[in-house]
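Engineer: Sending over a structure as structure tokens; questions will come in a sec.
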Protein chains: 2
Amino acid sequence: MAHNGVVTTRKNSGTTAAPAKRQRATSSGSASERRDHLVKLAAELFARKGFQATTVREIADEAGILSGSLYHHFDSKETIVDEVLSTFLDDLIARYRAALDTKADPRTVLSEMVRIGFGTLEPHRAAITVMQNDWNYLRQFERFNYLVKAEDEVEQIWVSQIKAGQAAGLFRADVDPKLTYRMIRDTIWVAVRWFRPGGRLNTAGLAEHYITVLFDGLATGERTTQKG
Amino acid sequence: MAHNGVVTTRKNSGTTAAPAKRQRATSSGSASERRDHLVKLAAELFARKGFQATTVREIADEAGILSGSLYHHFDSKETIVDEVLSTFLDDLIARYRAALDTKADPRTVLSEMVRIGFGTLEPHRAAITVMQNDWNYLRQFERFNYLVKAEDEVEQIWVSQIKAGQAAGLFRADVDPKLTYRMIRDTIWVAVRWFRPGGRLNTAGLAEHYITVLFDGLATGERTTQKG
DNA sequence: CCGATATCGTAGCAAGCGCTTGGTATGTGC
DNA sequence: GCACATACCAAGCGCTTGCTACGATATCGG
């Protein structure tokens, strides 16, 4: 009664080729393959229900094990979400740095960074969702201080490119770089809330659409507010 | 042991002129004045910690009463957040309708709607924050179906204006109206995450900044992607 | 075949959760 | 001055939470 029967109530979620009935996971492949799989399952639940609303029992159910068995792989529930977020951030920052290394002009680099942002929407959908929804909650724990650090580094990358573009006369000078960065960033990330693969546009299409509006605006004809 | 002493541990949060020490709230003013005050206190907590992470005991503590006493005013914790969100939405939609009633040209109306959006950032900061962070969770309850309805009405208002602007040749025809709306909406609302009154720009300044970029773009010189 | 290691089940603890109940003080209308 | 309504306290119920302790089983190199 403490827990309802895992074996009988298991839903065999039809996502990845899941182990239909419980069977001890054979130690195939690298040491932490099982662990990585558990992280992915948990990430999906965190994204769908929120970090706090997701219980360790639910995560275990999804994997076909009992909640206590999770603690063979992880110290705590927070360790799991930590892995979800840090994996995403590492990938993101690496991509940004690569774009910077091309040494292209600011407009080109900025466009590429927009594409990178939208490009992470699919592979890191769950992580981005968690980051959006549970940022405020997670931030209060010391162990997630690195989130703020990573965010600062990303901001620095964007702002420097915007400023460079202004200095080169490519971008209007009457906009605030930091403010502009924040609006771009938010527009990209928040798209995880409504973007679903298989819709009218893919993430590449979204990126081009946004780049168009971002640089050239929604209006037609001459720019009416040109100051710088 | 079941609950620690409310009187002794009360923190007398230095926000609004709070009742420093507990004293029975005298029935001054309208019948539900006390209730409204409790809603505001709860909204701040919901915004800061998230809906689920906020306990009824914390709300009661903030008000200087015991958790059970909250249920004299509210049926449930969800009733409280319901009041927070519906108050905001009612106000927002009323403002949008007023802007529509001016029958001005689409660009003017759209600009005004952007101003309205940013204008709600301060008076409804807590509600917007809750809406952003806890939308996914709250949406799963039937009682919050009206949230989706309200969102649909708002979307309809925006999209019709964008389409009208395209038909009038004011806006470029090669952008997707619905997609454009979503990006505008997101950019405005997500600003609650970083906007703090007293910074460099107030919400009116934010609005003008965004209107500039939205209509005329970030780049200088001729529009390079003009198609429609 | 054997021990090492990884993986998982079983059972349950301490704490905390939203919420309920029964009773008490303080006003207000008549 | 008594009935009534309001606003609250005190106590705790039933349940869920993250997590732990410990034993069982599977796999595999040697």
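To be explicit about the labels: the chains of the structure tokens are called A, B, and onward in the order shown, and within each one the residues are counted from 1, while ligands get numbers from 1 in the order they are shown.
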Considering only C-alpha atoms (C1' of nucleotides), return as a PyMOL selection string whatever protein or nucleic-acid residues lie within 9 Å of region 4-21 of chain D, sequence-local ones (same chain, fewer than 3 positions apart) excluded.

Structural biologist: (chain A and resi 55-56+68+71+76-77) or (chain B and resi 2+24-27+65-66+68-69+72) or (chain C and resi 12-13+15-17+20-21+23-29)

Engineer: For chain A, list the residues within 8 Å of chain B, counting only C-alpha atoms, and write the list as number ranges by chain.

Structural biologist: A: 48-50, 52-53, 132-134, 136-137, 169-172, 175, 183-184, 186-187, 190-191, 209, 212-220, 222-226, 228

Engineer: Using only C-alpha atoms (C1' of nucleotides) and a cut-off of 12 Å, which residues of chain C sit close to chain A? Please list them as a count of residues only.

Structural biologist: 8

Engineer: Among region 4-199 of chain B, which residues does DSSP mark as helix (DSSP H, G or I) when it is run on the backbone? Keep the chain and numbering as in the structure and answer as an mmCIF file with C-alpha atoms, in the first residue's frame.

Structural biologist:
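Here's the written file result33.cif:
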data_model
loop_
_atom_site.group_PDB
_atom_site.id
_atom_site.type_symbol
_atom_site.label_atom_id
_atom_site.label_comp_id
_atom_site.auth_asym_id
_atom_site.auth_seq_id
_atom_site.Cartn_x
_atom_site.Cartn_y
_atom_site.Cartn_z
ATOM 1 C CA VAL B 6 3.593 31.986 14.982
ATOM 2 C CA VAL B 7 3.734 34.924 17.320
ATOM 3 C CA THR B 8 7.373 34.572 18.241
ATOM 4 C CA THR B 9 8.818 33.710 14.849
ATOM 5 C CA GLU B 33 -10.575 44.134 2.308
ATOM 6 C CA ARG B 34 -8.751 41.679 4.479
ATOM 7 C CA ARG B 35 -9.178 39.019 1.852
ATOM 8 C CA ASP B 36 -7.696 41.257 -0.836
ATOM 9 C CA HIS B 37 -4.721 41.922 1.357
ATOM 10 C CA LEU B 38 -4.148 38.223 1.857
ATOM 11 C CA VAL B 39 -4.306 37.688 -1.897
ATOM 12 C CA LYS B 40 -1.606 40.277 -2.418
ATOM 13 C CA LEU B 41 0.646 38.731 0.175
ATOM 14 C CA ALA B 42 0.166 35.310 -1.359
ATOM 15 C CA ALA B 43 0.814 36.638 -4.854
ATOM 16 C CA GLU B 44 4.205 37.961 -3.799
ATOM 17 C CA LEU B 45 5.132 34.613 -2.329
ATOM 18 C CA PHE B 46 3.874 32.722 -5.359
ATOM 19 C CA ALA B 47 5.948 34.964 -7.590
ATOM 20 C CA ARG B 48 9.081 34.623 -5.498
ATOM 21 C CA LYS B 49 9.023 30.931 -4.733
ATOM 22 C CA VAL B 56 -0.175 27.789 3.110
ATOM 23 C CA ARG B 57 1.765 28.076 6.330
ATOM 24 C CA GLU B 58 4.098 30.596 4.738
ATOM 25 C CA ILE B 59 1.211 32.660 3.461
ATOM 26 C CA ALA B 60 -0.373 32.594 6.890
ATOM 27 C CA ASP B 61 2.926 33.483 8.550
ATOM 28 C CA GLU B 62 3.307 36.479 6.286
ATOM 29 C CA ALA B 63 -0.156 37.631 7.321
ATOM 30 C CA SER B 67 -2.494 28.356 8.325
ATOM 31 C CA GLY B 68 -5.898 27.028 9.282
ATOM 32 C CA SER B 69 -7.240 30.537 9.587
ATOM 33 C CA LEU B 70 -6.625 31.088 5.903
ATOM 34 C CA LYS B 77 -4.720 27.326 -2.041
ATOM 35 C CA GLU B 78 -5.780 27.208 -5.670
ATOM 36 C CA THR B 79 -8.589 29.646 -5.026
ATOM 37 C CA ILE B 80 -5.996 32.188 -3.968
ATOM 38 C CA VAL B 81 -3.880 31.918 -7.084
ATOM 39 C CA ASP B 82 -7.067 31.896 -9.123
ATOM 40 C CA GLU B 83 -7.929 35.313 -7.745
ATOM 41 C CA VAL B 84 -4.440 36.565 -8.519
ATOM 42 C CA LEU B 85 -4.546 35.501 -12.142
ATOM 43 C CA SER B 86 -8.126 36.384 -13.009
ATOM 44 C CA THR B 87 -7.729 39.888 -11.611
ATOM 45 C CA PHE B 88 -4.773 40.446 -13.894
ATOM 46 C CA LEU B 89 -6.418 38.994 -16.974
ATOM 47 C CA ASP B 90 -9.594 40.992 -16.525
ATOM 48 C CA ASP B 91 -7.600 44.183 -16.348
ATOM 49 C CA LEU B 92 -5.438 43.300 -19.323
ATOM 50 C CA ILE B 93 -8.254 42.379 -21.669
ATOM 51 C CA ALA B 94 -10.209 45.479 -20.732
ATOM 52 C CA ARG B 95 -7.235 47.616 -21.713
ATOM 53 C CA TYR B 96 -6.775 45.824 -25.007
ATOM 54 C CA ARG B 97 -10.422 46.335 -25.893
ATOM 55 C CA ALA B 98 -10.142 50.023 -25.154
ATOM 56 C CA ALA B 99 -7.173 50.264 -27.506
ATOM 57 C CA LEU B 100 -9.137 48.491 -30.201
ATOM 58 C CA ASP B 101 -12.049 50.864 -29.787
ATOM 59 C CA PRO B 106 -2.924 48.988 -37.115
ATOM 60 C CA ARG B 107 0.516 50.343 -36.421
ATOM 61 C CA THR B 108 -0.849 52.818 -33.895
ATOM 62 C CA VAL B 109 -3.040 50.207 -32.235
ATOM 63 C CA LEU B 110 -0.221 47.687 -32.130
ATOM 64 C CA SER B 111 2.116 50.244 -30.620
ATOM 65 C CA GLU B 112 -0.463 51.034 -27.996
ATOM 66 C CA MET B 113 -0.909 47.363 -27.207
ATOM 67 C CA VAL B 114 2.826 47.007 -26.713
ATOM 68 C CA ARG B 115 2.650 49.941 -24.306
ATOM 69 C CA ILE B 116 -0.255 48.311 -22.497
ATOM 70 C CA GLY B 117 1.707 45.110 -22.146
ATOM 71 C CA PHE B 118 4.757 46.768 -20.670
ATOM 72 C CA GLY B 119 2.455 48.955 -18.607
ATOM 73 C CA ARG B 125 4.316 41.938 -11.612
ATOM 74 C CA ALA B 126 3.476 39.080 -9.284
ATOM 75 C CA ALA B 127 0.574 37.803 -11.349
ATOM 76 C CA ILE B 128 2.586 37.834 -14.557
ATOM 77 C CA THR B 129 5.437 36.009 -12.878
ATOM 78 C CA VAL B 130 3.116 33.318 -11.606
ATOM 79 C CA MET B 131 1.524 33.048 -15.009
ATOM 80 C CA GLN B 132 4.916 32.543 -16.612
ATOM 81 C CA ASN B 133 6.365 30.068 -14.163
ATOM 82 C CA ASP B 134 3.374 28.044 -13.107
ATOM 83 C CA TRP B 135 1.297 28.066 -16.272
ATOM 84 C CA ASN B 136 2.207 24.520 -17.171
ATOM 85 C CA TYR B 137 1.249 23.246 -13.773
ATOM 86 C CA LEU B 138 -1.940 25.200 -13.270
ATOM 87 C CA GLU B 142 -10.008 22.191 -14.941
ATOM 88 C CA ARG B 143 -10.723 25.276 -12.920
ATOM 89 C CA PHE B 144 -8.029 27.124 -14.839
ATOM 90 C CA ASN B 145 -9.452 26.427 -18.246
ATOM 91 C CA TYR B 146 -10.387 30.078 -18.444
ATOM 92 C CA LEU B 147 -6.697 30.885 -18.686
ATOM 93 C CA VAL B 148 -6.527 29.224 -22.082
ATOM 94 C CA LYS B 149 -9.704 30.953 -23.164
ATOM 95 C CA ALA B 150 -8.360 34.350 -22.188
ATOM 96 C CA GLU B 151 -5.119 33.642 -23.987
ATOM 97 C CA ASP B 152 -7.001 32.733 -27.133
ATOM 98 C CA GLU B 153 -8.954 35.973 -27.061
ATOM 99 C CA VAL B 154 -5.794 37.983 -26.640
ATOM 100 C CA GLU B 155 -4.134 36.150 -29.501
ATOM 101 C CA GLN B 156 -7.102 36.858 -31.726
ATOM 102 C CA ILE B 157 -6.885 40.572 -30.978
ATOM 103 C CA TRP B 158 -3.191 40.749 -31.809
ATOM 104 C CA VAL B 159 -3.284 38.609 -34.923
ATOM 105 C CA SER B 160 -6.177 40.535 -36.428
ATOM 106 C CA GLN B 161 -4.261 43.772 -36.037
ATOM 107 C CA ILE B 162 -1.130 42.344 -37.603
ATOM 108 C CA LYS B 163 -3.117 41.008 -40.536
ATOM 109 C CA ALA B 164 -4.884 44.325 -40.952
ATOM 110 C CA GLY B 165 -1.510 46.039 -41.068
ATOM 111 C CA GLN B 166 -0.301 43.658 -43.733
ATOM 112 C CA ALA B 167 -3.448 44.174 -45.779
ATOM 113 C CA PRO B 177 1.104 36.889 -38.132
ATOM 114 C CA LYS B 178 0.604 34.267 -35.463
ATOM 115 C CA LEU B 179 4.301 33.665 -35.107
ATOM 116 C CA THR B 180 4.975 37.364 -34.926
ATOM 117 C CA TYR B 181 2.355 37.780 -32.229
ATOM 118 C CA ARG B 182 3.874 35.057 -30.128
ATOM 119 C CA MET B 183 7.289 36.581 -30.318
ATOM 120 C CA ILE B 184 5.991 39.999 -29.369
ATOM 121 C CA ARG B 185 3.953 38.595 -26.514
ATOM 122 C CA ASP B 186 6.863 36.591 -25.177
ATOM 123 C CA THR B 187 9.269 39.485 -25.377
ATOM 124 C CA ILE B 188 6.933 41.647 -23.343
ATOM 125 C CA TRP B 189 5.906 39.211 -20.626
ATOM 126 C CA VAL B 190 9.234 37.579 -20.035
ATOM 127 C CA ALA B 191 10.591 40.979 -19.130
ATOM 128 C CA VAL B 192 9.158 40.480 -15.645
ATOM 129 C CA ARG B 193 12.072 38.185 -15.015
#

Engineer: To one decimal in Å, tell me the separation between C1' of DA14 (chain C) and CA of Phe51 (chain B).

Structural biologist: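 Those two atoms sit 24.4 Å apart.
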